[in-house]
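Asker: My file is run-v2.cif. It has mmCIF, C-alpha atoms:
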data_work
#
loop_
_atom_site.label_atom_id
_atom_site.label_comp_id
_atom_site.auth_asym_id
_atom_site.auth_seq_id
_atom_site.Cartn_x
_atom_site.Cartn_y
_atom_site.Cartn_z
CA MET A 1 126.30 134.27 113.19
CA MET A 2 124.33 131.33 114.56
CA LEU A 3 123.11 130.47 111.05
CA VAL A 4 126.68 130.43 109.78
CA VAL A 5 127.71 128.06 112.56
CA VAL A 6 124.80 125.70 111.84
CA VAL A 7 125.51 125.67 108.10
CA ALA A 8 129.19 125.02 108.72
CA ALA A 9 128.40 122.18 111.12
CA LEU A 10 126.03 120.56 108.63
CA ALA A 11 128.63 120.90 105.88
CA ILE A 12 131.23 119.18 108.05
CA LEU A 13 128.79 116.40 108.94
CA ALA A 14 127.95 115.95 105.26
CA LEU A 15 131.63 115.55 104.43
CA ILE A 16 132.07 113.08 107.30
CA THR A 17 129.06 111.14 106.00
CA GLN A 18 130.41 110.92 102.47
CA ALA A 19 133.80 109.79 103.76
CA GLY A 20 132.02 107.24 105.94
CA VAL A 21 130.03 105.91 102.98
CA LEU A 22 133.23 105.34 101.01
CA ALA A 23 134.86 103.63 103.97
CA LEU A 24 131.87 101.34 104.61
CA GLN A 25 131.71 100.32 100.97
CA ARG A 26 135.38 99.38 101.02
CA VAL A 27 134.93 97.33 104.18
CA TYR A 28 131.74 95.65 102.92
CA PRO A 29 132.08 95.29 99.13
CA PRO A 30 129.32 93.72 96.99
CA GLN A 31 129.28 89.93 97.01
CA GLY A 32 126.78 89.12 94.27
CA ARG A 33 125.71 90.04 90.74
CA MET A 34 123.35 92.80 89.72
CA ILE A 35 120.06 91.97 87.99
CA GLU A 36 118.39 94.97 86.37
CA VAL A 37 114.60 95.10 86.75
CA ALA A 38 112.02 97.84 86.30
CA GLY A 39 112.75 100.48 88.94
CA ALA A 40 115.74 98.79 90.58
CA GLY A 41 118.97 96.89 90.28
CA LEU A 42 118.85 93.84 92.56
CA ASN A 43 121.99 92.40 94.09
CA VAL A 44 121.73 88.60 94.04
CA VAL A 45 124.00 85.99 95.59
CA ASP A 46 123.55 82.50 94.10
CA ILE A 47 125.15 79.71 96.16
CA GLY A 48 124.89 75.94 96.46
CA PRO A 49 124.71 73.25 93.79
CA ARG A 50 122.78 74.30 90.68
CA ASP A 51 121.69 70.71 90.06
CA ALA A 52 120.33 70.10 93.56
CA ALA A 53 117.08 68.16 93.79
CA GLY A 54 113.96 70.16 94.43
CA PRO A 55 113.21 73.83 93.86
CA PRO A 56 115.77 76.53 94.73
CA VAL A 57 115.39 78.36 98.03
CA VAL A 58 115.00 82.14 97.74
CA MET A 59 115.82 83.99 100.95
CA ILE A 60 114.71 87.57 101.59
CA HIS A 61 115.73 89.69 104.56
CA GLY A 62 113.62 92.06 106.63
CA ALA A 63 114.01 95.74 107.52
CA SER A 64 117.26 97.42 108.60
CA SER A 65 119.38 94.67 107.09
CA ASN A 66 120.59 93.00 103.90
CA LEU A 67 121.00 89.54 102.41
CA GLU A 68 123.93 88.67 104.68
CA VAL A 69 121.49 88.40 107.62
CA MET A 70 119.85 85.47 105.83
CA ARG A 71 123.10 84.00 104.56
CA ARG A 72 124.75 83.57 107.97
CA PRO A 73 124.25 80.95 109.23
CA LEU A 74 121.04 79.73 107.58
CA GLY A 75 121.80 80.28 103.90
CA ASP A 76 125.31 78.83 104.09
CA MET A 77 123.98 75.75 105.88
CA LEU A 78 121.23 75.22 103.32
CA ALA A 79 123.65 75.71 100.42
CA LYS A 80 125.47 72.49 101.30
CA ASP A 81 122.62 70.55 99.70
CA HIS A 82 120.37 73.09 97.95
CA ARG A 83 120.60 75.96 95.52
CA VAL A 84 120.08 79.16 97.52
CA ILE A 85 119.27 82.58 96.04
CA LEU A 86 119.81 85.50 98.41
CA ILE A 87 118.46 88.91 97.38
CA ASP A 88 119.08 92.41 98.70
CA ARG A 89 115.66 94.04 98.66
CA PRO A 90 115.38 97.20 96.51
CA GLY A 91 117.36 100.00 98.15
CA HIS A 92 119.04 97.71 100.70
CA GLY A 93 122.54 96.26 100.82
CA TRP A 94 123.94 96.65 97.31
CA SER A 95 120.59 96.79 95.53
CA THR A 96 119.47 100.12 94.12
CA ARG A 97 116.03 101.67 93.91
CA THR A 98 115.07 104.40 91.47
CA ARG A 99 112.30 105.80 93.66
CA ASN A 100 111.99 105.70 97.44
CA VAL A 101 108.21 105.49 97.03
CA ASP A 102 108.62 101.96 95.64
CA SER A 103 108.48 100.74 99.20
CA THR A 104 105.55 98.35 99.42
CA PRO A 105 105.59 94.54 99.40
CA ALA A 106 103.46 94.59 96.24
CA ILE A 107 105.95 96.69 94.26
CA GLN A 108 109.02 94.88 95.55
CA ALA A 109 107.42 91.48 94.90
CA GLY A 110 107.06 92.48 91.25
CA MET A 111 110.74 93.43 91.10
CA ILE A 112 111.82 90.14 92.67
CA ASP A 113 109.56 88.15 90.35
CA GLU A 114 111.18 89.86 87.36
CA ALA A 115 114.67 89.12 88.68
CA LEU A 116 113.86 85.44 89.18
CA GLU A 117 112.47 85.27 85.66
CA LYS A 118 115.77 86.62 84.34
CA LEU A 119 117.65 84.06 86.44
CA GLY A 120 115.55 81.26 84.94
CA ILE A 121 114.01 80.34 88.31
CA ILE A 122 110.56 78.97 87.51
CA LYS A 123 109.48 77.98 91.02
CA ALA A 124 111.16 78.46 94.38
CA ILE A 125 110.59 78.03 98.07
CA PHE A 126 110.61 81.49 99.65
CA VAL A 127 112.16 81.89 103.09
CA VAL A 128 111.31 85.36 104.39
CA HIS A 129 111.99 87.17 107.66
CA SER A 130 110.17 89.93 109.53
CA TRP A 131 109.23 92.80 107.13
CA SER A 132 109.52 90.37 104.24
CA GLY A 133 106.82 88.18 105.71
CA ALA A 134 104.44 90.65 104.07
CA LEU A 135 106.46 90.40 100.86
CA GLY A 136 106.43 86.59 100.86
CA ALA A 137 102.68 86.59 101.35
CA ARG A 138 102.34 89.05 98.47
CA MET A 139 104.47 86.84 96.24
CA ALA A 140 102.17 83.90 96.96
CA LEU A 141 99.12 86.05 96.19
CA ASP A 142 100.29 87.87 93.07
CA TYR A 143 102.77 85.36 91.61
CA PRO A 144 101.54 81.93 92.73
CA GLY A 145 103.21 80.25 89.76
CA ARG A 146 106.60 81.40 91.06
CA VAL A 147 106.09 80.17 94.63
CA ALA A 148 106.47 76.46 95.38
CA GLY A 149 106.27 77.00 99.13
CA LEU A 150 106.51 79.65 101.81
CA VAL A 151 108.54 79.58 105.04
CA MET A 152 107.78 82.63 107.17
CA LEU A 153 110.20 83.53 109.99
CA ALA A 154 108.80 85.98 112.57
CA PRO A 155 106.70 87.54 109.80
CA VAL A 156 104.89 90.86 109.70
CA ALA A 157 101.43 90.15 108.26
CA TYR A 158 98.87 92.49 109.84
CA PRO A 159 98.53 96.08 111.02
CA TRP A 160 99.71 96.76 114.56
CA PRO A 161 99.08 99.46 117.17
CA GLY A 162 101.54 102.31 117.29
CA GLY A 163 104.18 103.33 114.77
CA VAL A 164 107.65 102.29 113.68
CA GLY A 165 109.84 104.73 115.58
CA TRP A 166 109.77 108.51 115.47
CA TYR A 167 113.11 108.66 113.61
CA ASN A 168 111.74 106.64 110.70
CA LYS A 169 108.77 108.99 110.42
CA LEU A 170 111.03 112.03 110.66
CA VAL A 171 113.48 110.83 108.03
CA THR A 172 110.66 110.36 105.51
CA THR A 173 109.64 114.02 105.91
CA PRO A 174 110.49 116.08 102.80
CA VAL A 175 113.63 118.23 103.10
CA ILE A 176 114.20 117.46 106.79
CA GLY A 177 114.57 113.73 106.20
CA PRO A 178 117.23 113.86 103.50
CA LEU A 179 119.05 116.61 105.44
CA LEU A 180 119.29 114.31 108.45
CA ALA A 181 120.17 111.26 106.36
CA TYR A 182 123.06 113.04 104.63
CA THR A 183 124.50 114.60 107.78
CA ILE A 184 123.96 112.99 111.19
CA THR A 185 122.55 109.51 110.52
CA LEU A 186 125.84 107.78 109.72
CA PRO A 187 128.07 109.27 112.44
CA LEU A 188 125.37 108.82 115.08
CA GLY A 189 124.36 105.41 113.81
CA LEU A 190 127.86 104.00 114.18
CA PHE A 191 127.41 104.30 117.95
CA LEU A 192 123.87 102.89 117.96
CA THR A 193 124.06 99.98 115.52
CA ARG A 194 125.40 97.37 117.92
CA PRO A 195 123.01 98.16 120.82
CA GLY A 196 120.09 98.21 118.38
CA ALA A 197 121.00 94.85 116.88
CA ARG A 198 121.53 93.39 120.35
CA GLY A 199 118.00 94.42 121.32
CA VAL A 200 116.48 92.59 118.35
CA PHE A 201 118.16 89.35 119.43
CA LEU A 202 116.79 89.35 122.99
CA PRO A 203 116.45 87.11 124.90
CA GLN A 204 119.08 85.35 122.80
CA ILE A 205 122.61 86.73 122.92
CA MET A 206 123.80 88.39 119.74
CA PRO A 207 126.98 86.80 118.32
CA ASP A 208 129.95 89.09 118.88
CA ASP A 209 130.73 89.30 115.17
CA PHE A 210 127.12 89.65 113.96
CA VAL A 211 127.28 93.34 112.99
CA SER A 212 130.50 93.00 111.02
CA ASP A 213 129.71 89.59 109.49
CA THR A 214 126.34 90.79 108.18
CA ALA A 215 127.51 94.18 106.86
CA THR A 216 124.82 95.83 109.00
CA PRO A 217 126.51 99.29 108.92
CA LEU A 218 125.66 99.55 105.20
CA LEU A 219 122.21 100.58 106.44
CA LEU A 220 123.70 103.89 107.61
CA ARG A 221 124.41 105.09 104.06
CA PRO A 222 121.90 107.86 103.29
CA ARG A 223 120.18 106.13 100.36
CA SER A 224 119.78 102.91 102.33
CA PHE A 225 118.55 104.65 105.46
CA LEU A 226 115.96 106.61 103.49
CA ALA A 227 114.74 103.50 101.66
CA ASN A 228 114.50 101.52 104.89
CA ALA A 229 112.54 104.25 106.65
CA ARG A 230 110.13 104.51 103.75
CA ASP A 231 109.60 100.73 103.79
CA LEU A 232 108.74 100.86 107.47
CA VAL A 233 106.36 103.82 107.47
CA THR A 234 104.33 102.46 104.55
CA LEU A 235 104.14 98.85 105.75
CA LYS A 236 101.11 99.12 108.03
CA ALA A 237 98.83 100.38 105.26
CA ALA A 238 100.26 97.77 102.88
CA VAL A 239 99.48 94.79 105.13
CA ALA A 240 96.03 96.21 105.92
CA GLU A 241 95.32 96.18 102.18
CA GLN A 242 96.53 92.62 101.51
CA ALA A 243 95.51 90.84 104.73
CA PRO A 244 91.91 90.09 103.61
CA ARG A 245 93.35 88.00 100.76
CA TYR A 246 95.44 85.59 102.85
CA ALA A 247 92.86 82.83 102.58
CA ASP A 248 93.68 82.75 98.85
CA ILE A 249 97.23 81.52 99.51
CA LYS A 250 97.30 77.90 98.35
CA VAL A 251 101.00 77.01 98.50
CA PRO A 252 102.47 74.94 101.36
CA THR A 253 103.19 77.37 104.19
CA VAL A 254 105.15 77.09 107.43
CA VAL A 255 105.25 79.92 109.98
CA ILE A 256 107.98 79.91 112.65
CA SER A 257 108.04 82.53 115.40
CA GLY A 258 109.47 83.14 118.85
CA GLU A 259 106.97 83.23 121.69
CA ILE A 260 108.65 86.24 123.30
CA ASP A 261 109.39 88.21 120.14
CA LYS A 262 109.17 91.87 121.19
CA THR A 263 109.72 93.17 117.64
CA VAL A 264 106.94 91.33 115.78
CA SER A 265 104.32 89.88 118.10
CA PRO A 266 103.36 86.29 117.21
CA ASN A 267 99.90 86.88 118.65
CA ARG A 268 99.28 89.78 116.28
CA HIS A 269 100.95 88.33 113.19
CA SER A 270 101.99 84.66 113.06
CA ARG A 271 99.03 83.07 114.79
CA PRO A 272 96.29 84.89 112.83
CA PHE A 273 98.21 84.44 109.57
CA ALA A 274 98.54 80.69 110.11
CA SER A 275 94.82 80.56 110.89
CA ALA A 276 93.93 82.47 107.73
CA VAL A 277 96.07 80.47 105.30
CA PRO A 278 94.61 77.04 104.46
CA ASN A 279 96.62 74.18 105.96
CA ALA A 280 99.45 76.41 107.17
CA LYS A 281 101.75 74.92 109.82
CA LEU A 282 102.54 77.10 112.82
CA ILE A 283 105.57 76.60 115.08
CA VAL A 284 106.00 78.94 118.05
CA LEU A 285 109.26 78.50 119.93
CA SER A 286 109.26 79.18 123.65
CA ASP A 287 112.04 81.41 125.03
CA VAL A 288 112.91 82.65 121.52
CA GLY A 289 112.83 86.23 120.27
CA HIS A 290 112.84 87.80 116.81
CA MET A 291 115.95 86.27 115.20
CA VAL A 292 114.50 82.81 114.63
CA GLN A 293 117.01 81.91 111.93
CA HIS A 294 119.84 82.39 114.44
CA ALA A 295 118.10 80.83 117.43
CA ALA A 296 116.98 77.65 115.65
CA PRO A 297 118.64 77.28 112.23
CA GLY A 298 118.49 73.49 112.39
CA LEU A 299 114.74 73.52 112.90
CA VAL A 300 114.23 75.95 110.03
CA ILE A 301 116.32 73.79 107.72
CA CYS A 302 114.38 70.68 108.73
CA GLU A 303 111.12 72.41 107.83
CA ILE A 304 112.48 73.56 104.48
CA GLU A 305 113.77 70.08 103.64
CA ALA A 306 110.48 68.53 104.73
CA MET A 307 108.67 70.91 102.39
CA ILE A 308 111.01 69.99 99.52
CA GLY A 309 110.33 66.31 100.20
CA LYS A 310 106.58 66.77 100.22
CA LEU A 311 106.72 68.77 96.99
CA ALA A 312 108.76 66.01 95.34
CA HIS A 313 106.26 63.38 96.52
CA SER A 314 103.33 65.42 95.19
CA THR A 315 105.06 65.88 91.85
CA ALA A 316 105.76 62.16 91.56
CA ALA A 317 102.19 61.28 92.53
CA ALA A 318 100.82 63.69 89.93
CA ALA A 319 103.09 62.16 87.27
CA ASN A 320 101.68 58.72 88.00
#
Written as structure tokens, how would this file's structure read?
Answerer:
Amino acid sequence: MMLVVVVAALAILALITQAGVLALQRVYPPQGRMIEVAGAGLNVVDIGPRDAAGPPVVMIHGASSNLEVMRRPLGDMLAKDHRVILIDRPGHGWSTRTRNVDSTPAIQAGMIDEALEKLGIIKAIFVVHSWSGALGARMALDYPGRVAGLVMLAPVAYPWPGGVGWYNKLVTTPVIGPLLAYTITLPLGLFLTRPGARGVFLPQIMPDDFVSDTATPLLLRPRSFLANARDLVTLKAAVAEQAPRYADIKVPTVVISGEIDKTVSPNRHSRPFASAVPNAKLIVLSDVGHMVQHAAPGLVICEIEAMIGKLAHSTAAAAN
């Protein structure tokens, strides 16, 4: 009798989840175009003037999010004067991913490089946040011809003590993980999304409309939640493998972090990364947490524009 009750409850939760997925996708429809690459379909939003001076700016979000986190307000502000390419990482937002195991910065960097090739983007400045700090570094290492410069916002770059949350580990467990993802994750997550996002902003105050404006609840769809969890549980080994190569990064690099970031410690990531990369510029903002692009968008834009100016000067000097 107990087994029957459990099975019935799971069946009801599965139906609620599927109805919730359909509802979320109506509320937060896709905003970009799909670029097919090996192993994924990448959702890309291309904004700003196509004929803007300097290289385009490619913006890539971190974990538990999608491209809208980079678009608002930073991407929209940049797009007034620059071409901005925003990308949903494989399996996130409206991007697809054929295999959940394609979770590492190295694999996803290859997918993004292929997408940019299809878009005709020869070189770009990469603006990356959090998880994608490791991806931006990997782009500069494996595809240096594609990277004109690197702006790292609260980046993950090195292994850290501890894990990434017991629920992420659990949801990557065979059988149990998908069962949870397709039953309880969405209904439970609807109650937890706002408090979780608020915690990432501390000590800054999260904008009231942040969750809805950035389509954050799309993370609760089973395929997205599974992909995100896999990205997180494999990241530590991935950065341990690539960290010894950081001295090989030759592109202009700026690292911006919050001094009191409780999500990605600047002492463990930003400071040693800036020390390892030749001529990298490090900016650590006092009284700022993890969401640097929201706390100081003007500063980030100034650094990006300064990088574009220096690149233009170097190009002109080389031509002479």
Asker: Select, counting all atoms listed in the file, all protein, DNA and RNA residues no farther than 8 Å from (116.8, 108.2, 96.5) in file coordinates, and express the selection as a list in words.
Answerer: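 Those within range, by chain then number, are Arg97, Thr98, Arg99, Asn100, Arg223, Leu226 and Ala227 of chain A.
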Asker: One number please: CA of Met152 (chain A) to CA of Ser212 (chain A), in Å, one decimal.
Answerer: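 Computing the Euclidean distance for CA of Met152 (chain A) and CA of Ser212 (chain A) yields 25.3 Å.
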Asker: Of the candidates A:Leu232, A:Ser95, A:Thr17, A:Arg221, which shows the shortest atom-to-atom distance to Val45 (chain A), using all atoms listed in the file?
Answerer: A:Ser95
Asker: Within 10 Å of Gly41 (chain A), counting all atoms listed in the file, which residues show up once you throw out same-chain ones fewer than 5 positions away? Write them as a PyMOL selection string, please.
Answerer: chain A and resi 33-36+88-91+94-98+111+115
Asker: Give me the residues near Thr173 (chain A) as a list of chain:residue names, where near means some atom within 12 Å (using only C-alpha atoms) and where sequence neighbours in that chain fewer than 5 positions away do not count.
Answerer: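 Neighbouring residues, sequence-local ones excluded: A:Trp166, A:Tyr167, A:Asn168, A:Pro178, A:Leu179, A:Leu180, A:Ala181, A:Leu226, A:Ala229, A:Arg230, A:Val233.
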Asker: CA of Ile260 (chain A) to CA of Trp160 (chain A): how many Å, to one decimal?
Answerer: 16.3 Å
Asker: Hey, what comes out of the PyMOL selection byres ((chain A and resi 18-26) around 8) on this file? Could you write it as a PyMOL selection string?
Answerer: chain A and resi 14-17+27-29+182+186-187+217-218+221
Asker: In the coordinate frame of the file, compute which residues have an atom within 12 Å of (114.9, 67.9, 102.5) when using all atoms listed in the file, and state them as a PyMOL selection string.
Answerer: chain A and resi 52-57+78-82+125+298-313
Asker: Once you have the residues from the selection above, write them out as a PDB file, in the coordinates of the input, restricted to C-alpha atoms.
Answerer:
ATOM      1  CA  ALA A  52     120.330  70.100  93.560  1.00  0.00           C
ATOM      2  CA  ALA A  53     117.080  68.160  93.790  1.00  0.00           C
ATOM      3  CA  GLY A  54     113.960  70.160  94.430  1.00  0.00           C
ATOM      4  CA  PRO A  55     113.210  73.830  93.860  1.00  0.00           C
ATOM      5  CA  PRO A  56     115.770  76.530  94.730  1.00  0.00           C
ATOM      6  CA  VAL A  57     115.390  78.360  98.030  1.00  0.00           C
ATOM      7  CA  LEU A  78     121.230  75.220 103.320  1.00  0.00           C
ATOM      8  CA  ALA A  79     123.650  75.710 100.420  1.00  0.00           C
ATOM      9  CA  LYS A  80     125.470  72.490 101.300  1.00  0.00           C
ATOM     10  CA  ASP A  81     122.620  70.550  99.700  1.00  0.00           C
ATOM     11  CA  HIS A  82     120.370  73.090  97.950  1.00  0.00           C
ATOM     12  CA  ILE A 125     110.590  78.030  98.070  1.00  0.00           C
ATOM     13  CA  GLY A 298     118.490  73.490 112.390  1.00  0.00           C
ATOM     14  CA  LEU A 299     114.740  73.520 112.900  1.00  0.00           C
ATOM     15  CA  VAL A 300     114.230  75.950 110.030  1.00  0.00           C
ATOM     16  CA  ILE A 301     116.320  73.790 107.720  1.00  0.00           C
ATOM     17  CA  CYS A 302     114.380  70.680 108.730  1.00  0.00           C
ATOM     18  CA  GLU A 303     111.120  72.410 107.830  1.00  0.00           C
ATOM     19  CA  ILE A 304     112.480  73.560 104.480  1.00  0.00           C
ATOM     20  CA  GLU A 305     113.770  70.080 103.640  1.00  0.00           C
ATOM     21  CA  ALA A 306     110.480  68.530 104.730  1.00  0.00           C
ATOM     22  CA  MET A 307     108.670  70.910 102.390  1.00  0.00           C
ATOM     23  CA  ILE A 308     111.010  69.990  99.520  1.00  0.00           C
ATOM     24  CA  GLY A 309     110.330  66.310 100.200  1.00  0.00           C
ATOM     25  CA  LYS A 310     106.580  66.770 100.220  1.00  0.00           C
ATOM     26  CA  LEU A 311     106.720  68.770  96.990  1.00  0.00           C
ATOM     27  CA  ALA A 312     108.760  66.010  95.340  1.00  0.00           C
ATOM     28  CA  HIS A 313     106.260  63.380  96.520  1.00  0.00           C
TER      29      HIS A 313
END
Asker: I'd like to know which of A:Val5, A:Ala11, A:Leu235, A:Val211 is closest to Glu68 (chain A), using only C-alpha atoms.
Answerer: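 Nearest candidate to Glu68 (chain A) out of A:Val5, A:Ala11, A:Leu235, A:Val211: A:Val211.
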Asker: For Arg146 (chain A), which residue out of A:Ala317, A:Ile12, A:Ile112, A:Ala38 is the nearest one, using only C-alpha atoms?
Answerer: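 For Arg146 (chain A), the nearest of the candidates is A:Ile112.
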Asker: Which distance in Å separates CA of Gly163 (chain A) and CA of Ala237 (chain A), to one decimal?
Answerer: 11.3 Å
Asker: Residue by residue, what does the PyMOL selection byres ((chain A and resi 219) around 8) grab here? Present the result as a PyMOL selection string.
Answerer: chain A and resi 64-65+92-93+216-218+220-222+224-225+228
Asker: Return the single residue from A:Ala148, A:Val288, A:Val156, A:Ala124 that is closest to Lys250 (chain A), with distances computed using only C-alpha atoms.
Answerer: A:Ala148
Asker: Determine the residue membership of the PyMOL selection byres ((chain A and resi 195-203) around 10) for the file above and supply it as a VMD selection string.
Answerer: chain A and resid 64 to 65 189 191 to 194 204 to 208 210 to 211 216 260 to 264 287 to 292 294 to 295
Asker: Go ahead and save the residues from that selection, with C-alpha atoms, as a PDB file, keeping the file's coordinate frame.
Answerer:
ATOM      1  CA  SER A  64     117.260  97.420 108.600  1.00  0.00           C
ATOM      2  CA  SER A  65     119.380  94.670 107.090  1.00  0.00           C
ATOM      3  CA  GLY A 189     124.360 105.410 113.810  1.00  0.00           C
ATOM      4  CA  PHE A 191     127.410 104.300 117.950  1.00  0.00           C
ATOM      5  CA  LEU A 192     123.870 102.890 117.960  1.00  0.00           C
ATOM      6  CA  THR A 193     124.060  99.980 115.520  1.00  0.00           C
ATOM      7  CA  ARG A 194     125.400  97.370 117.920  1.00  0.00           C
ATOM      8  CA  GLN A 204     119.080  85.350 122.800  1.00  0.00           C
ATOM      9  CA  ILE A 205     122.610  86.730 122.920  1.00  0.00           C
ATOM     10  CA  MET A 206     123.800  88.390 119.740  1.00  0.00           C
ATOM     11  CA  PRO A 207     126.980  86.800 118.320  1.00  0.00           C
ATOM     12  CA  ASP A 208     129.950  89.090 118.880  1.00  0.00           C
ATOM     13  CA  PHE A 210     127.120  89.650 113.960  1.00  0.00           C
ATOM     14  CA  VAL A 211     127.280  93.340 112.990  1.00  0.00           C
ATOM     15  CA  THR A 216     124.820  95.830 109.000  1.00  0.00           C
ATOM     16  CA  ILE A 260     108.650  86.240 123.300  1.00  0.00           C
ATOM     17  CA  ASP A 261     109.390  88.210 120.140  1.00  0.00           C
ATOM     18  CA  LYS A 262     109.170  91.870 121.190  1.00  0.00           C
ATOM     19  CA  THR A 263     109.720  93.170 117.640  1.00  0.00           C
ATOM     20  CA  VAL A 264     106.940  91.330 115.780  1.00  0.00           C
ATOM     21  CA  ASP A 287     112.040  81.410 125.030  1.00  0.00           C
ATOM     22  CA  VAL A 288     112.910  82.650 121.520  1.00  0.00           C
ATOM     23  CA  GLY A 289     112.830  86.230 120.270  1.00  0.00           C
ATOM     24  CA  HIS A 290     112.840  87.800 116.810  1.00  0.00           C
ATOM     25  CA  MET A 291     115.950  86.270 115.200  1.00  0.00           C
ATOM     26  CA  VAL A 292     114.500  82.810 114.630  1.00  0.00           C
ATOM     27  CA  HIS A 294     119.840  82.390 114.440  1.00  0.00           C
ATOM     28  CA  ALA A 295     118.100  80.830 117.430  1.00  0.00           C
TER      29      ALA A 295
END
Asker: From the set A:Leu153, A:Ala137, A:Met59, A:Val284, which residue has the shortest atom-to-atom contact distance to Ala247 (chain A), counting only C-alpha atoms?
Answerer: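 The closest residue to Ala247 (chain A) is A:Ala137.
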Asker: Adding 3 Å on each side of the box along x, y and z that holds all listed atoms of region 230-244 of chain A, could you give its centre and edge lengths in Å to one decimal, as JSON?
Answerer:
{"center_x": 101.0, "center_y": 97.3, "center_z": 104.8, "size_x": 24.2, "size_y": 20.4, "size_z": 12.5}
Asker: Could you check which of A:Pro155, A:Gly62, A:Gly75, A:Gly48 is closest to Leu282 (chain A), using all atoms listed in the file?
Answerer: A:Pro155
